[in-house]
Structure formats: C-alpha cells, structure tokens
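S.K.: Mind having a look at this structure? Questions to follow.
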Amino acid sequence: MFTGLIEDTGRVTSFHRRGEAGILTVETSLPSAEITIGDSIAVNGTCLTVTASGGRSLTFDVSPESMSRTTIGKLSGSSLVNLERALKLGDRLGGHIVSGHVDCAGNLSRSENRSGNYQLHFTLPSAHARYLVEKGSVTIDGISLTVNTVSQDGFSVNIIPHTYSNTTLGQLRIGDRVNIETDIIGKYVERLAAPWKSEGALSMKTLAENGFI
C-alpha cells in the first residue's frame with residue numbers, strides 16, 4: 001500500500017528483457033540500509049518487489065502482466081522514474097490510498113502553464129474513465145493528484161511547481177504515456193454492486209410477480 005507521495009526520482013541504469021518479463025535496475029538516493037530483499041517499491045506507480053540491493057542500486061523482477069499493463073516495459077537506460085516505499089503502519093496518509101496496481105496507460109494530450117502551475121490533460125480508455133470523479137483522486141506515474149475535470153475519455157489535473165520539478169511530470173511531452181491508477185474505492189463499490197445488476201436481481205417487476213406489490 002502506498003500514498004502517492006514521491007520520495008525520490010531514480011534513474012534507470014539497466015533494463016534486460018527476458019521474453020515477456022524483465023529485470024529492472026534503478027539508481028536511487030533512497031536509504032539502502034532501510035530497504036531489504038522482498039520490500040515493495042512503487043516504480044512509476046507500479047508495485048515491484050526488490051530482488052537485489054547494492055550501494056545506490058535496486059533491482060526488480062518485472063512480470064509479464066506489469067510489462068503489458070504498464071509503461072515499465074518502455075523504460076530505457078537513463079529514464080527517470082518516481083519511487084515510493086510502501087506505507088508503514090503509523091505513517092501519515094498524506095496522499096490517498098494507492099495500491100500500486102496500475103489500471104491502464106494514458107497519454108498526455110495538453111499542457112498549460114497557469115501562473116506557474118501546470119494544468120495537464122490526459123486521455124485514457126473510457127472503460128477506466130468512469131472511475132474518475134471531479135475533485136476525486138487519481139494516481140499518475142505513482143503521484144497522488146486531485147482530478148480537476150473529467151470527460152468521457154479524459155481528465156485534467158493541476159500540478160503545483162514543487163510537484164512539477166520534483167517528479168517526472170516536468171519531463172513529460174505531448175503524447176507521452178503514463179501509468180494511471182484510478183481510486184480503488186470506486187472499483188470496489190462497482191464490484192460489490194454488480195450482483196444487483198445480474199439477471200434475476202430484485203426489481204419492481206420481480207416484486208410484482210411475487211405478490212409484494
């Protein structure tokens with residue numbers, strides 16, 4: 001579990017593909033003494049497990065699912081990535097509840113400088129856009145952000161100067177792809193409500209047929 005508050009911007013030093021999977025190594029200033037093999041780290045919003053650690057480097061196995069669902073497979077040497085260690089019990093939840101399970105990739109469609117702040121517009125598959133609400137939360141490349149506006153296949157967010165300069169958002173160009181995780185609460189609500197939408201669910205017709213009305 002993560003909060004979407006980025007701790008460090010690391011740099012990819014190597015990424016080796018093994019068929020549909022991969023091995024990623026990142027150089028970081030995160031305190032290596034506090035990181036052990038098996039720890040979870042969000043890399044651009046994707047929850048990965050540390051498989052090796054040495055000096056300033058962390059290595060992760062990347063599964064075929066992560067390769068196909070996220071932008072991790074497009075990383076190359078010298079790419080910058082947002083890093084966040086998993087939340088500990090008792091830590092402040094300064095962002096929002098982030099699972100590190102990316103829903104889809106989206107694209108930056110427009111960027112506007114508004115008095116030193118940046119309004120970024122993204123597109124994403126409409127099947128995932130339904131989980132976004134105005135003033136709700138969204139995670140972009142691991143960064144917890146507030147949704148400004150929502151459309152059928154896109155949304156916008158406001159980026160303050162600090163976030164713009166201390167994450168990978170400042171490196172984005174129009175058309176670049178990003179990892180998007182929508183708010184987990186909406187997905188659970190939809191799943192729990194699903195049985196009521198199934199055939200044979202309670203309805204006015206069912207009540208009438210069984211003599212209740």
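Labeling convention for the structure tokens: chains A, B, ... as they appear, residues from 1 per chain, ligands from 1 in order of appearance.
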DSSP on the backbone, alpha helix (DSSP H) only: what residues of region 3-119 of chain A does that give? Format it as an MDAnalysis selection string.
M.R.: chainID A and resid 64:69
S.K.: Kindly export the residues of the current selection with C-alpha atoms, as a PDB file, in the first residue's frame.
M.R.:
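Saved result, again23.pdb, follows:
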ATOM      1  CA  PRO A  64       4.589 -10.216 -17.966  1.00  0.00           C
ATOM      2  CA  GLU A  65       1.426  -8.617 -16.523  1.00  0.00           C
ATOM      3  CA  SER A  66       3.329  -5.489 -15.484  1.00  0.00           C
ATOM      4  CA  MET A  67       5.092  -5.411 -18.844  1.00  0.00           C
ATOM      5  CA  SER A  68       1.798  -5.482 -20.742  1.00  0.00           C
ATOM      6  CA  ARG A  69      -0.341  -3.300 -18.456  1.00  0.00           C
TER       7      ARG A  69
END
S.K.: Give me the residues near Ser29 (chain A) as an MDAnalysis selection string, where near means some atom within 8 Å (using only C-alpha atoms) and where sequence neighbours in that chain fewer than 3 positions away do not count.
M.R.: chainID A and resid 8 10 32 56
S.K.: Looking at A:Ala42, A:Val157, A:Ile143, A:Ile97, which one is nearest to Asp183 (chain A), with distances taken over only C-alpha atoms?
M.R.: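 Of A:Ala42, A:Val157, A:Ile143, A:Ile97, the one nearest Asp183 (chain A) is A:Ile97, counting only C-alpha atoms.
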S.K.: Which residues are near Asn107 (chain A)? Cut-off 12 Å, only C-alpha atoms, ignore same chain within fewer than 4 positions. Put them as number ranges by chain.
M.R.: A: 71, 111, 120-125, 140-141, 153-156, 172-180
S.K.: Restricting the calculation to only C-alpha atoms, which member of A:Gly186, A:Gly19, A:Gly116, A:Gly170 is positioned closest to Val81 (chain A)?
M.R.: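 Closest residue, counting only C-alpha atoms: A:Gly170.
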S.K.: Rank nothing, just name the residue among A:Thr182, A:Thr167, A:Thr49, A:Ser126 nearest to Thr146 (chain A), using only C-alpha atoms.
M.R.: A:Thr182
S.K.: Ser79 (chain A): which residues within 9 Å, counting only C-alpha atoms, same-chain residues fewer than 5 positions away excluded, as a ChimeraX atom specification?
M.R.: /A:10-13
S.K.: Can I get the selected residues back with C-alpha atoms, as an mmCIF file, in the first residue's frame?
M.R.:
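Writing done, so here's result.cif:
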data_model
loop_
_atom_site.group_PDB
_atom_site.id
_atom_site.type_symbol
_atom_site.label_atom_id
_atom_site.label_comp_id
_atom_site.auth_asym_id
_atom_site.auth_seq_id
_atom_site.Cartn_x
_atom_site.Cartn_y
_atom_site.Cartn_z
ATOM 1 C CA GLY A 10 15.551 7.463 -9.571
ATOM 2 C CA ARG A 11 17.370 6.777 -12.810
ATOM 3 C CA VAL A 12 17.199 3.509 -14.736
ATOM 4 C CA THR A 13 20.680 2.024 -15.167
#
S.K.: What lies within 7 Å of Gly22 (chain A) using only C-alpha atoms, ignoring chain neighbours under 4 positions off, as a PDB file with N, CA and C atoms, in the first residue's frame?
M.R.:
ATOM      1  N   PHE A  15      17.842  -2.295 -18.073  1.00  0.00           N
ATOM      2  CA  PHE A  15      16.570  -2.989 -18.173  1.00  0.00           C
ATOM      3  C   PHE A  15      16.740  -4.121 -19.181  1.00  0.00           C
ATOM      4  N   HIS A  16      16.784  -5.349 -18.663  1.00  0.00           N
ATOM      5  CA  HIS A  16      17.002  -6.522 -19.505  1.00  0.00           C
ATOM      6  C   HIS A  16      15.690  -7.268 -19.689  1.00  0.00           C
ATOM      7  N   ARG A  17      15.319  -7.510 -20.913  1.00  0.00           N
ATOM      8  CA  ARG A  17      14.086  -8.245 -21.203  1.00  0.00           C
ATOM      9  C   ARG A  17      14.373  -9.742 -21.246  1.00  0.00           C
ATOM     10  N   ARG A  18      13.473 -10.500 -20.642  1.00  0.00           N
ATOM     11  CA  ARG A  18      13.549 -11.968 -20.654  1.00  0.00           C
ATOM     12  C   ARG A  18      12.235 -12.498 -21.199  1.00  0.00           C
ATOM     13  N   ASP A  61      12.321  -7.680 -10.403  1.00  0.00           N
ATOM     14  CA  ASP A  61      11.768  -8.516 -11.469  1.00  0.00           C
ATOM     15  C   ASP A  61      10.472  -7.854 -11.933  1.00  0.00           C
ATOM     16  N   VAL A  62      10.254  -7.841 -13.244  1.00  0.00           N
ATOM     17  CA  VAL A  62       9.033  -7.265 -13.815  1.00  0.00           C
ATOM     18  C   VAL A  62       8.260  -8.381 -14.499  1.00  0.00           C
ATOM     19  N   SER A  63       7.041  -8.646 -14.036  1.00  0.00           N
ATOM     20  CA  SER A  63       6.244  -9.756 -14.548  1.00  0.00           C
ATOM     21  C   SER A  63       5.665  -9.434 -15.923  1.00  0.00           C
TER      22      SER A  63
END
S.K.: Could you tell me which of A:Gly45, A:Pro31, A:Gly73, A:Gly90 comes closest to Val138 (chain A) if we count only C-alpha atoms?
M.R.: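 Comparing A:Gly45, A:Pro31, A:Gly73, A:Gly90 against Val138 (chain A), the winner is A:Gly45.
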S.K.: Please report, as a PyMOL selection string, each residue of region 1-211 of chain A to which DSSP assigns strand (DSSP E) when run on this structure's backbone.
M.R.: chain A and resi 8-18+21-27+40-43+46-54+57-62+80-85+104-114+117-123+137-140+143-150+154-159+177-182
S.K.: Please write the residues from the selection above to a file, keeping C-alpha atoms, as a PDB file, in the first residue's frame.
M.R.:
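Done, and the output landed in out04.pdb:
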ATOM      1  CA  ASP A   8      12.809  10.066  -4.835  1.00  0.00           C
ATOM      2  CA  THR A   9      13.266  10.340  -8.575  1.00  0.00           C
ATOM      3  CA  GLY A  10      15.551   7.463  -9.571  1.00  0.00           C
ATOM      4  CA  ARG A  11      17.370   6.777 -12.810  1.00  0.00           C
ATOM      5  CA  VAL A  12      17.199   3.509 -14.736  1.00  0.00           C
ATOM      6  CA  THR A  13      20.680   2.024 -15.167  1.00  0.00           C
ATOM      7  CA  SER A  14      19.633  -1.165 -16.952  1.00  0.00           C
ATOM      8  CA  PHE A  15      16.570  -2.989 -18.173  1.00  0.00           C
ATOM      9  CA  HIS A  16      17.002  -6.522 -19.505  1.00  0.00           C
ATOM     10  CA  ARG A  17      14.086  -8.245 -21.203  1.00  0.00           C
ATOM     11  CA  ARG A  18      13.549 -11.968 -20.654  1.00  0.00           C
ATOM     12  CA  ALA A  21       9.252 -10.433 -18.465  1.00  0.00           C
ATOM     13  CA  GLY A  22      12.177  -8.216 -17.493  1.00  0.00           C
ATOM     14  CA  ILE A  23      14.770  -7.238 -14.889  1.00  0.00           C
ATOM     15  CA  LEU A  24      14.942  -3.554 -13.954  1.00  0.00           C
ATOM     16  CA  THR A  25      17.770  -1.826 -12.066  1.00  0.00           C
ATOM     17  CA  VAL A  26      17.389   1.704 -10.753  1.00  0.00           C
ATOM     18  CA  GLU A  27      19.868   4.068  -9.121  1.00  0.00           C
ATOM     19  CA  SER A  40       7.710  -3.374  -2.156  1.00  0.00           C
ATOM     20  CA  ILE A  41       8.596  -0.193  -4.031  1.00  0.00           C
ATOM     21  CA  ALA A  42       6.271   1.744  -6.335  1.00  0.00           C
ATOM     22  CA  VAL A  43       8.180   2.467  -9.547  1.00  0.00           C
ATOM     23  CA  THR A  46       3.804   0.084 -10.330  1.00  0.00           C
ATOM     24  CA  CYS A  47       4.302  -2.053  -7.217  1.00  0.00           C
ATOM     25  CA  LEU A  48       7.515  -4.042  -7.725  1.00  0.00           C
ATOM     26  CA  THR A  49       9.463  -6.313  -5.362  1.00  0.00           C
ATOM     27  CA  VAL A  50      13.122  -5.665  -4.582  1.00  0.00           C
ATOM     28  CA  THR A  51      15.166  -8.717  -5.649  1.00  0.00           C
ATOM     29  CA  ALA A  52      18.658  -7.263  -5.192  1.00  0.00           C
ATOM     30  CA  SER A  53      20.162  -4.243  -3.476  1.00  0.00           C
ATOM     31  CA  GLY A  54      23.688  -2.888  -3.531  1.00  0.00           C
ATOM     32  CA  SER A  57      21.034   0.446  -6.816  1.00  0.00           C
ATOM     33  CA  LEU A  58      17.804  -1.532  -6.515  1.00  0.00           C
ATOM     34  CA  THR A  59      16.844  -4.392  -8.821  1.00  0.00           C
ATOM     35  CA  PHE A  60      13.325  -5.637  -9.540  1.00  0.00           C
ATOM     36  CA  ASP A  61      11.768  -8.516 -11.469  1.00  0.00           C
ATOM     37  CA  VAL A  62       9.033  -7.265 -13.815  1.00  0.00           C
ATOM     38  CA  LEU A  80      13.762   8.840 -14.741  1.00  0.00           C
ATOM     39  CA  VAL A  81      11.237   7.071 -12.510  1.00  0.00           C
ATOM     40  CA  ASN A  82       9.195   8.083  -9.466  1.00  0.00           C
ATOM     41  CA  LEU A  83       9.910   5.964  -6.379  1.00  0.00           C
ATOM     42  CA  GLU A  84       7.959   5.438  -3.164  1.00  0.00           C
ATOM     43  CA  ARG A  85       8.463   2.847  -0.453  1.00  0.00           C
ATOM     44  CA  CYS A 104      -4.188   1.367 -17.634  1.00  0.00           C
ATOM     45  CA  ALA A 105      -1.830   3.635 -19.531  1.00  0.00           C
ATOM     46  CA  GLY A 106      -2.941   7.087 -20.647  1.00  0.00           C
ATOM     47  CA  ASN A 107      -1.455   9.831 -22.791  1.00  0.00           C
ATOM     48  CA  LEU A 108      -0.638  13.467 -22.117  1.00  0.00           C
ATOM     49  CA  SER A 109      -2.794  15.403 -24.586  1.00  0.00           C
ATOM     50  CA  ARG A 110      -2.296  19.015 -23.470  1.00  0.00           C
ATOM     51  CA  SER A 111      -0.203  21.074 -21.035  1.00  0.00           C
ATOM     52  CA  GLU A 112      -0.967  24.645 -19.934  1.00  0.00           C
ATOM     53  CA  ASN A 113       1.167  26.917 -17.760  1.00  0.00           C
ATOM     54  CA  ARG A 114      -1.223  28.809 -15.480  1.00  0.00           C
ATOM     55  CA  ASN A 117       1.133  25.948 -12.060  1.00  0.00           C
ATOM     56  CA  TYR A 118       0.608  23.425 -14.823  1.00  0.00           C
ATOM     57  CA  GLN A 119      -2.725  22.061 -15.919  1.00  0.00           C
ATOM     58  CA  LEU A 120      -2.136  18.692 -17.567  1.00  0.00           C
ATOM     59  CA  HIS A 121      -4.773  16.954 -19.655  1.00  0.00           C
ATOM     60  CA  PHE A 122      -4.687  13.192 -20.181  1.00  0.00           C
ATOM     61  CA  THR A 123      -6.666  10.724 -22.256  1.00  0.00           C
ATOM     62  CA  SER A 137      -8.143  11.216  -6.522  1.00  0.00           C
ATOM     63  CA  VAL A 138      -6.055   9.684  -9.298  1.00  0.00           C
ATOM     64  CA  THR A 139      -2.509   8.346  -9.446  1.00  0.00           C
ATOM     65  CA  ILE A 140      -0.321   9.286 -12.409  1.00  0.00           C
ATOM     66  CA  ILE A 143       1.858  10.553  -7.944  1.00  0.00           C
ATOM     67  CA  SER A 144      -1.290  11.223  -5.923  1.00  0.00           C
ATOM     68  CA  LEU A 145      -3.235  14.026  -7.617  1.00  0.00           C
ATOM     69  CA  THR A 146      -6.664  15.663  -7.431  1.00  0.00           C
ATOM     70  CA  VAL A 147      -8.879  15.421 -10.500  1.00  0.00           C
ATOM     71  CA  ASN A 148      -9.911  18.845 -11.820  1.00  0.00           C
ATOM     72  CA  THR A 149     -12.223  17.924 -14.681  1.00  0.00           C
ATOM     73  CA  VAL A 150     -13.489  14.690 -16.218  1.00  0.00           C
ATOM     74  CA  GLY A 154     -10.020  12.037 -20.335  1.00  0.00           C
ATOM     75  CA  PHE A 155      -9.355  14.234 -17.323  1.00  0.00           C
ATOM     76  CA  SER A 156      -7.203  17.121 -16.148  1.00  0.00           C
ATOM     77  CA  VAL A 157      -5.101  17.759 -13.052  1.00  0.00           C
ATOM     78  CA  ASN A 158      -3.335  20.812 -11.619  1.00  0.00           C
ATOM     79  CA  ILE A 159       0.364  20.459 -10.831  1.00  0.00           C
ATOM     80  CA  ARG A 177       2.313   7.569 -21.978  1.00  0.00           C
ATOM     81  CA  VAL A 178       1.825   7.387 -18.220  1.00  0.00           C
ATOM     82  CA  ASN A 179       0.617   4.795 -15.733  1.00  0.00           C
ATOM     83  CA  ILE A 180      -2.819   5.526 -14.293  1.00  0.00           C
ATOM     84  CA  GLU A 181      -4.425   4.035 -11.184  1.00  0.00           C
ATOM     85  CA  THR A 182      -7.951   5.204 -10.505  1.00  0.00           C
TER      86      THR A 182
END
S.K.: Report, in Å with one decimal, the straight-line distance from CA of Arg191 (chain A) to CA of Tyr131 (chain A).
M.R.: 11.9 Å
S.K.: Compare A:Gly142, A:Gly100, A:Pro161, A:Gly211 by their minimum atom-to-atom distance to Met1 (chain A), counting only C-alpha atoms, and give me the closest one.
M.R.: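 When distances to Met1 (chain A) are compared using only C-alpha atoms, the smallest one comes from A:Gly100.
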S.K.: Tell me which of A:Ala193, A:Glu34, A:Asn44, A:Gln152 sits closest to Leu169 (chain A), counting only C-alpha atoms.
M.R.: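 Smallest separation from Leu169 (chain A) among the options: A:Asn44.
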S.K.: What is the distance between CA of Glu190 (chain A) and CA of Asn210 (chain A), in Å to one decimal?
M.R.: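 Value for the CA of Glu190 (chain A)-CA of Asn210 (chain A) distance: 27.8 Å.
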S.K.: Which value, in Å to one decimal, gives the distance between CA of Leu30 (chain A) and CA of His96 (chain A)?
M.R.: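 Answer for the CA of Leu30 (chain A) to CA of His96 (chain A) separation: 21.4 Å.
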